[in-house]
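Shown here: query_10.cif, mmCIF, C-alpha atoms and all ligand atoms.
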data_target
loop_
_atom_site.group_PDB
_atom_site.id
_atom_site.type_symbol
_atom_site.label_atom_id
_atom_site.label_comp_id
_atom_site.auth_asym_id
_atom_site.auth_seq_id
_atom_site.Cartn_x
_atom_site.Cartn_y
_atom_site.Cartn_z
ATOM 1 C CA MET A 1 -34.062 -29.109 -12.932
ATOM 2 C CA LEU A 2 -35.053 -27.843 -9.495
ATOM 3 C CA SER A 3 -35.464 -24.134 -8.721
ATOM 4 C CA PHE A 4 -37.080 -21.866 -6.152
ATOM 5 C CA SER A 5 -39.331 -18.831 -6.631
ATOM 6 C CA LEU A 6 -39.411 -16.438 -3.701
ATOM 7 C CA PHE A 7 -42.159 -13.875 -3.161
ATOM 8 C CA ASP A 8 -42.395 -11.230 -0.455
ATOM 9 C CA ALA A 9 -43.457 -7.606 0.061
ATOM 10 C CA THR A 10 -40.795 -6.390 -2.353
ATOM 11 C CA SER A 11 -41.255 -9.107 -4.950
ATOM 12 C CA LYS A 12 -44.933 -9.919 -5.310
ATOM 13 C CA PRO A 13 -46.520 -12.613 -7.436
ATOM 14 C CA SER A 14 -48.892 -11.664 -10.266
ATOM 15 C CA GLU A 15 -52.598 -12.195 -9.617
ATOM 16 C CA GLU A 16 -52.382 -15.436 -11.630
ATOM 17 C CA GLU A 17 -49.367 -16.675 -9.622
ATOM 18 C CA LYS A 18 -51.201 -15.763 -6.429
ATOM 19 C CA GLN A 19 -54.234 -17.843 -7.406
ATOM 20 C CA ASN A 20 -51.935 -20.711 -8.391
ATOM 21 C CA ILE A 21 -50.290 -20.632 -4.939
ATOM 22 C CA ILE A 22 -53.663 -20.646 -3.168
ATOM 23 C CA ASN A 23 -55.036 -23.429 -5.373
ATOM 24 C CA PHE A 24 -51.869 -25.516 -4.988
ATOM 25 C CA LEU A 25 -51.974 -25.326 -1.198
ATOM 26 C CA TYR A 26 -55.701 -25.946 -1.063
ATOM 27 C CA LYS A 27 -55.378 -29.042 -3.251
ATOM 28 C CA HIS A 28 -52.223 -30.594 -1.811
ATOM 29 C CA LEU A 29 -52.730 -29.879 1.890
ATOM 30 C CA GLN A 30 -55.566 -32.392 1.472
ATOM 31 C CA GLU A 31 -57.115 -33.254 4.844
ATOM 32 C CA PHE A 32 -54.908 -30.651 6.547
ATOM 33 C CA ARG A 33 -56.219 -27.832 4.376
ATOM 34 C CA ASP A 34 -57.865 -24.589 5.418
ATOM 35 C CA ALA A 35 -60.482 -22.680 3.426
ATOM 36 C CA LYS A 36 -59.084 -20.831 0.395
ATOM 37 C CA LYS A 37 -60.075 -17.578 2.103
ATOM 38 C CA ALA A 38 -57.794 -18.406 5.051
ATOM 39 C CA ILE A 39 -54.907 -19.376 2.765
ATOM 40 C CA SER A 40 -55.425 -16.128 0.856
ATOM 41 C CA LYS A 41 -55.263 -14.114 4.102
ATOM 42 C CA CYS A 42 -52.022 -15.835 5.100
ATOM 43 C CA LEU A 43 -50.561 -15.045 1.684
ATOM 44 C CA ASP A 44 -51.668 -11.395 1.885
ATOM 45 C CA TYR A 45 -50.060 -11.154 5.327
ATOM 46 C CA ALA A 46 -46.761 -12.540 4.002
ATOM 47 C CA LEU A 47 -46.838 -10.096 1.069
ATOM 48 C CA LYS A 48 -48.081 -7.125 3.157
ATOM 49 C CA ASN A 49 -51.045 -6.713 0.799
ATOM 50 C CA ASN A 50 -53.320 -4.036 2.227
ATOM 51 C CA VAL A 51 -52.849 -5.440 5.702
ATOM 52 C CA SER A 52 -50.927 -4.135 8.604
ATOM 53 C CA SER A 53 -48.495 -7.012 8.986
ATOM 54 C CA PHE A 54 -44.885 -7.880 9.709
ATOM 55 C CA GLY A 55 -44.604 -9.648 6.351
ATOM 56 C CA GLY A 56 -42.945 -12.943 5.613
ATOM 57 C CA PHE A 57 -42.448 -14.835 2.388
ATOM 58 C CA VAL A 58 -43.724 -17.513 0.047
ATOM 59 C CA LEU A 59 -41.383 -20.088 -1.406
ATOM 60 C CA VAL A 60 -42.302 -22.236 -4.397
ATOM 61 C CA LEU A 61 -40.197 -25.276 -5.295
ATOM 62 C CA LYS A 62 -40.314 -26.007 -9.018
ATOM 63 C CA GLU A 63 -39.159 -28.951 -11.078
ATOM 64 C CA ASN A 64 -38.717 -28.027 -14.736
ATOM 65 C CA LYS A 65 -40.654 -24.802 -14.033
ATOM 66 C CA LYS A 66 -43.657 -26.717 -12.651
ATOM 67 C CA ALA A 67 -44.624 -26.104 -8.999
ATOM 68 C CA GLN A 68 -44.029 -29.167 -6.827
ATOM 69 C CA GLY A 69 -44.157 -27.565 -3.399
ATOM 70 C CA VAL A 70 -45.198 -24.384 -1.610
ATOM 71 C CA THR A 71 -44.595 -22.982 1.861
ATOM 72 C CA ILE A 72 -45.758 -19.710 3.439
ATOM 73 C CA ILE A 73 -43.979 -18.082 6.362
ATOM 74 C CA ASN A 74 -45.527 -15.233 8.349
ATOM 75 C CA LYS A 75 -43.366 -13.000 10.547
ATOM 76 C CA THR A 76 -44.708 -12.494 14.062
ATOM 77 C CA GLY A 77 -42.992 -9.211 14.909
ATOM 78 C CA MET A 78 -41.859 -10.846 18.148
ATOM 79 C CA LYS A 79 -38.597 -12.307 19.367
ATOM 80 C CA ASP A 80 -37.098 -14.147 22.370
ATOM 81 C CA TYR A 81 -40.435 -14.964 24.015
ATOM 82 C CA ILE A 82 -42.315 -15.971 20.797
ATOM 83 C CA PRO A 83 -40.431 -17.138 17.662
ATOM 84 C CA GLU A 84 -39.896 -14.530 14.938
ATOM 85 C CA ASN A 85 -41.615 -16.668 12.276
ATOM 86 C CA ILE A 86 -44.524 -19.042 11.870
ATOM 87 C CA LEU A 87 -44.436 -21.587 9.108
ATOM 88 C CA VAL A 88 -48.136 -21.596 8.361
ATOM 89 C CA TYR A 89 -48.433 -23.904 5.351
ATOM 90 C CA ILE A 90 -46.277 -26.427 3.540
ATOM 91 C CA ALA A 91 -47.395 -28.910 0.925
ATOM 92 C CA ILE A 92 -45.706 -31.017 -1.714
ATOM 93 C CA HIS A 93 -47.612 -32.098 -4.828
ATOM 94 C CA LYS A 94 -49.308 -35.360 -3.940
ATOM 95 C CA ASN A 95 -47.584 -37.187 -6.813
ATOM 96 C CA ALA A 96 -44.122 -35.910 -5.845
ATOM 97 C CA ARG A 97 -43.871 -36.933 -2.202
ATOM 98 C CA GLY A 98 -41.181 -39.087 -0.617
ATOM 99 C CA LYS A 99 -38.490 -37.730 -2.960
ATOM 100 C CA GLY A 100 -36.950 -35.265 -0.526
ATOM 101 C CA PHE A 101 -38.808 -32.197 -1.874
ATOM 102 C CA GLY A 102 -40.429 -31.438 1.485
ATOM 103 C CA LYS A 103 -37.084 -31.494 3.227
ATOM 104 C CA LEU A 104 -35.472 -29.349 0.526
ATOM 105 C CA LEU A 105 -38.243 -26.735 0.726
ATOM 106 C CA MET A 106 -38.070 -26.641 4.521
ATOM 107 C CA GLN A 107 -34.269 -26.309 4.481
ATOM 108 C CA GLU A 108 -34.464 -23.363 2.079
ATOM 109 C CA ALA A 109 -37.237 -21.703 4.119
ATOM 110 C CA ILE A 110 -35.192 -22.144 7.305
ATOM 111 C CA LYS A 111 -32.203 -20.536 5.565
ATOM 112 C CA LEU A 112 -34.255 -17.557 4.341
ATOM 113 C CA ALA A 113 -36.145 -16.884 7.568
ATOM 114 C CA ASN A 114 -34.511 -14.545 10.042
ATOM 115 C CA GLY A 115 -34.795 -16.062 13.488
ATOM 116 C CA ASP A 116 -36.638 -18.983 15.018
ATOM 117 C CA ILE A 117 -39.624 -20.718 13.460
ATOM 118 C CA ALA A 118 -42.770 -22.095 15.065
ATOM 119 C CA LEU A 119 -45.310 -24.317 13.374
ATOM 120 C CA HIS A 120 -48.249 -26.335 14.455
ATOM 121 C CA VAL A 121 -49.049 -29.796 13.239
ATOM 122 C CA GLU A 122 -51.813 -32.265 13.969
ATOM 123 C CA PRO A 123 -50.566 -35.062 16.260
ATOM 124 C CA ASN A 124 -51.476 -37.690 13.632
ATOM 125 C CA ASN A 125 -49.663 -35.985 10.722
ATOM 126 C CA PRO A 126 -46.617 -37.945 9.469
ATOM 127 C CA ALA A 127 -45.057 -34.556 8.618
ATOM 128 C CA ILE A 128 -43.910 -34.579 12.272
ATOM 129 C CA LYS A 129 -41.123 -36.963 11.171
ATOM 130 C CA LEU A 130 -39.892 -34.393 8.675
ATOM 131 C CA TYR A 131 -39.968 -31.554 11.208
ATOM 132 C CA GLU A 132 -38.119 -33.621 13.812
ATOM 133 C CA SER A 133 -35.434 -34.571 11.305
ATOM 134 C CA LEU A 134 -34.816 -30.840 10.807
ATOM 135 C CA GLY A 135 -34.465 -30.184 14.524
ATOM 136 C CA PHE A 136 -37.971 -29.062 15.477
ATOM 137 C CA THR A 137 -39.033 -30.124 18.966
ATOM 138 C CA ASN A 138 -42.341 -29.902 20.747
ATOM 139 C CA LYS A 139 -41.576 -28.448 24.103
ATOM 140 C CA TYR A 140 -45.065 -26.964 24.420
ATOM 141 C CA LEU A 141 -48.554 -28.201 23.910
ATOM 142 C CA GLU A 142 -50.503 -25.574 21.992
ATOM 143 C CA MET A 143 -53.891 -24.753 23.513
ATOM 144 C CA ARG A 144 -56.503 -22.514 21.909
ATOM 145 C CA LEU A 145 -59.664 -20.884 23.140
ATOM 146 C CA LYS A 146 -62.274 -20.618 20.399
ATOM 147 C CA LYS A 147 -64.458 -17.616 21.169
ATOM 148 C CA PRO A 148 -67.925 -17.458 19.664
ATOM 149 C CA HIS A 149 -68.066 -14.796 16.924
HETATM 150 C C1 LIG B 201 -45.399 -33.330 4.793
HETATM 151 C C2 LIG B 201 -44.902 -33.196 3.360
HETATM 152 C C3 LIG B 201 -44.689 -31.719 3.048
HETATM 153 C C4 LIG B 201 -43.562 -33.956 3.256
HETATM 154 O O1 LIG B 201 -43.047 -33.781 1.953
HETATM 155 P P1 LIG B 201 -42.212 -34.935 1.217
HETATM 156 O O2 LIG B 201 -41.589 -34.353 0.019
HETATM 157 O O3 LIG B 201 -43.064 -36.127 0.998
HETATM 158 O O4 LIG B 201 -41.121 -35.308 2.340
HETATM 159 P P2 LIG B 201 -39.630 -35.750 2.072
HETATM 160 O O5 LIG B 201 -39.600 -36.737 0.939
HETATM 161 O O6 LIG B 201 -38.752 -34.554 1.936
HETATM 162 O O7 LIG B 201 -39.296 -36.493 3.412
HETATM 163 C C5 LIG B 201 -38.532 -35.867 4.417
HETATM 164 C C6 LIG B 201 -38.430 -36.769 5.637
HETATM 165 O O8 LIG B 201 -39.689 -36.931 6.255
HETATM 166 C C7 LIG B 201 -40.089 -38.291 6.250
HETATM 167 N N1 LIG B 201 -41.482 -38.380 5.819
HETATM 168 C C8 LIG B 201 -42.111 -37.605 4.936
HETATM 169 N N2 LIG B 201 -43.395 -37.985 4.769
HETATM 170 C C9 LIG B 201 -43.554 -39.046 5.582
HETATM 171 C C10 LIG B 201 -44.631 -39.909 5.855
HETATM 172 N N3 LIG B 201 -45.831 -39.776 5.245
HETATM 173 N N4 LIG B 201 -44.450 -40.892 6.752
HETATM 174 C C11 LIG B 201 -43.252 -41.068 7.368
HETATM 175 N N5 LIG B 201 -42.167 -40.279 7.124
HETATM 176 C C12 LIG B 201 -42.334 -39.301 6.252
HETATM 177 C C13 LIG B 201 -39.213 -38.975 5.229
HETATM 178 O O9 LIG B 201 -38.980 -40.318 5.567
HETATM 179 C C14 LIG B 201 -37.944 -38.163 5.249
HETATM 180 O O10 LIG B 201 -37.103 -38.594 6.291
HETATM 181 P P3 LIG B 201 -35.543 -38.796 6.022
HETATM 182 O O11 LIG B 201 -34.992 -37.450 5.663
HETATM 183 O O12 LIG B 201 -35.052 -39.321 7.315
HETATM 184 O O13 LIG B 201 -35.482 -39.773 4.885
HETATM 185 C C15 LIG B 201 -45.885 -33.828 2.350
HETATM 186 O O14 LIG B 201 -46.125 -35.156 2.730
HETATM 187 C C16 LIG B 201 -47.222 -33.122 2.233
HETATM 188 O O15 LIG B 201 -47.372 -32.200 1.433
HETATM 189 N N6 LIG B 201 -48.226 -33.571 3.009
HETATM 190 C C17 LIG B 201 -49.588 -33.027 2.949
HETATM 191 C C18 LIG B 201 -49.665 -31.660 3.525
HETATM 192 C C19 LIG B 201 -49.202 -31.610 4.958
HETATM 193 O O16 LIG B 201 -49.434 -32.500 5.748
HETATM 194 N N7 LIG B 201 -48.548 -30.495 5.285
HETATM 195 C C20 LIG B 201 -48.086 -30.232 6.614
HETATM 196 C C21 LIG B 201 -49.184 -29.613 7.397
HETATM 197 S S1 LIG B 201 -48.594 -29.177 9.010
#
Represent the structure from my file as structure tokens, please.
Ligand SMILES: CC(C)(COP(=O)(O)OP(=O)(O)OC[C@H]1O[C@@H](n2cnc3c(N)ncnc32)[C@H](O)[C@@H]1OP(=O)(O)O)[C@@H](O)C(=O)NCCC(=O)NCCS
Amino acid sequence: MLSFSLFDATSKPSEEEKQNIINFLYKHLQEFRDAKKAISKCLDYALKNNVSSFGGFVLVLKENKKAQGVTIINKTGMKDYIPENILVYIAIHKNARGKGFGKLLMQEAIKLANGDIALHVEPNNPAIKLYESLGFTNKYLEMRLKKPH
């Protein structure tokens, strides 16, 4: 049986659930992963944990109560000129791919998010196919300036 768990500023995960979310994303993002510290920051932003943030949410897709997919959305606080939301991470368990779980999780996240959604994806990531099938387009090329710290 498939179900969703939703966490946000008003419904926070336990410390154990939080670590499970971070570990799941770290493991199943595979070559597209960030450091656990970065994933943890994104999660804290979504949950408004001791950070000044606009919030967001975390959605976990479960099959028979076992996590099979996770996505984290951060709100930007902006609108009209920058989308209201950024889908920062999405991963499906590596043994559960190609069964429609990614699409299902994205569809639910799109339903729950208020406003438009931006995401960035490496040009060689096959996930692009999934995003396009849901209506995402790439009108812009994202450019970043990395400043020395
Ligand atoms: C991207 C990811 C979330 C997709 O999840 P999934 O459950 O395998 O995808 P689905 O089974 O729901 O497939 C949805 C659609 O995308 C397409 N698709 C998914 N993965 C694909 C792949 N590797 N190659 C080609 N098409 C793919 C499917 O054909 C399907 O299209 P359809 O609806 O027309 O049949 C999953 O592969 C993943 O976790 N990848 C590693 C992490 C990652 O890359 N995250 C995104 C970082 S930006």
Taking the file as shown, find all residues satisfying the PyMOL selection byres (((not hetatm)) within 9 of (chain B and resi 201)) and write them as number ranges by chain.
A: 25, 28-33, 68-71, 87-94, 96-106, 119-122, 125-134
Would you write out, as a ChimeraX atom specification, every residue that the PyMOL selection byres (((chain A and resi 11) around 12) and not hetatm) captures in this file?
/A:5-10,12-14,46-49,55-59
Might you spell out which residues the PyMOL selection byres (((chain A and resi 63) around 9) and not hetatm) would select in the displayed file, as an NGL selection string?
:A and (1-4 or 61-62 or 64-68)
Keeping only C-alpha atoms, write those residues as a PDB file, in the coordinates of the input.
ATOM      1  CA  MET A   1     -34.062 -29.109 -12.932  1.00  0.00           C
ATOM      2  CA  LEU A   2     -35.053 -27.843  -9.495  1.00  0.00           C
ATOM      3  CA  SER A   3     -35.464 -24.134  -8.721  1.00  0.00           C
ATOM      4  CA  PHE A   4     -37.080 -21.866  -6.152  1.00  0.00           C
ATOM      5  CA  LEU A  61     -40.197 -25.276  -5.295  1.00  0.00           C
ATOM      6  CA  LYS A  62     -40.314 -26.007  -9.018  1.00  0.00           C
ATOM      7  CA  ASN A  64     -38.717 -28.027 -14.736  1.00  0.00           C
ATOM      8  CA  LYS A  65     -40.654 -24.802 -14.033  1.00  0.00           C
ATOM      9  CA  LYS A  66     -43.657 -26.717 -12.651  1.00  0.00           C
ATOM     10  CA  ALA A  67     -44.624 -26.104  -8.999  1.00  0.00           C
ATOM     11  CA  GLN A  68     -44.029 -29.167  -6.827  1.00  0.00           C
TER      12      GLN A  68
END
Suppose you want the space between CA of Tyr81 (chain A) and CA of Asp116 (chain A); what is it in Å?
10.6 Å
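The interatomic distance for the pair CA of Val60 (chain A) and CA of Ile82 (chain A) works out to 26.0 Å.
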Edge lengths and centre, in Å to one decimal, as lines of an AutoDock Vina configuration file: that's what I need for the box along x, y and z that holds all listed atoms of region 108-125 of chain A plus 3 Å on each side.
center_x = -42.0
center_y = -26.1
center_z = 9.2
size_x = 25.6
size_y = 29.1
size_z = 20.2
Return the single residue from A:Ile72, A:Asn95, A:Asn20, A:Glu15 that is closest to Leu43 (chain A), with distances computed using only C-alpha atoms.
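Of A:Ile72, A:Asn95, A:Asn20, A:Glu15, the one nearest Leu43 (chain A), counting only C-alpha atoms, is A:Ile72.
Comparing A:Thr76, A:Lys27, A:Glu142, A:Glu108 by their smallest distance to Pro123 (chain A), the closest is A:Glu142 (using only C-alpha atoms).
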Record the distance separating CA of Asn85 (chain A) and CA of Ile117 (chain A), expressed in Å with one decimal.
4.7 Å
Best match for closeness to Phe54 (chain A) among A:Lys111, A:Leu141, A:Asn74, A:Lys18, counting all atoms listed in the file
A:Asn74
Nearest candidate to Lys41 (chain A) (options A:Leu112, A:Ile86, A:Met143, A:Ile22; using all atoms listed in the file):
A:Ile22
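Counting only C-alpha atoms, the residue from A:Asn23, A:Asp34, A:Pro83, A:Lys147 that sits nearest to Ala113 (chain A) is A:Pro83.
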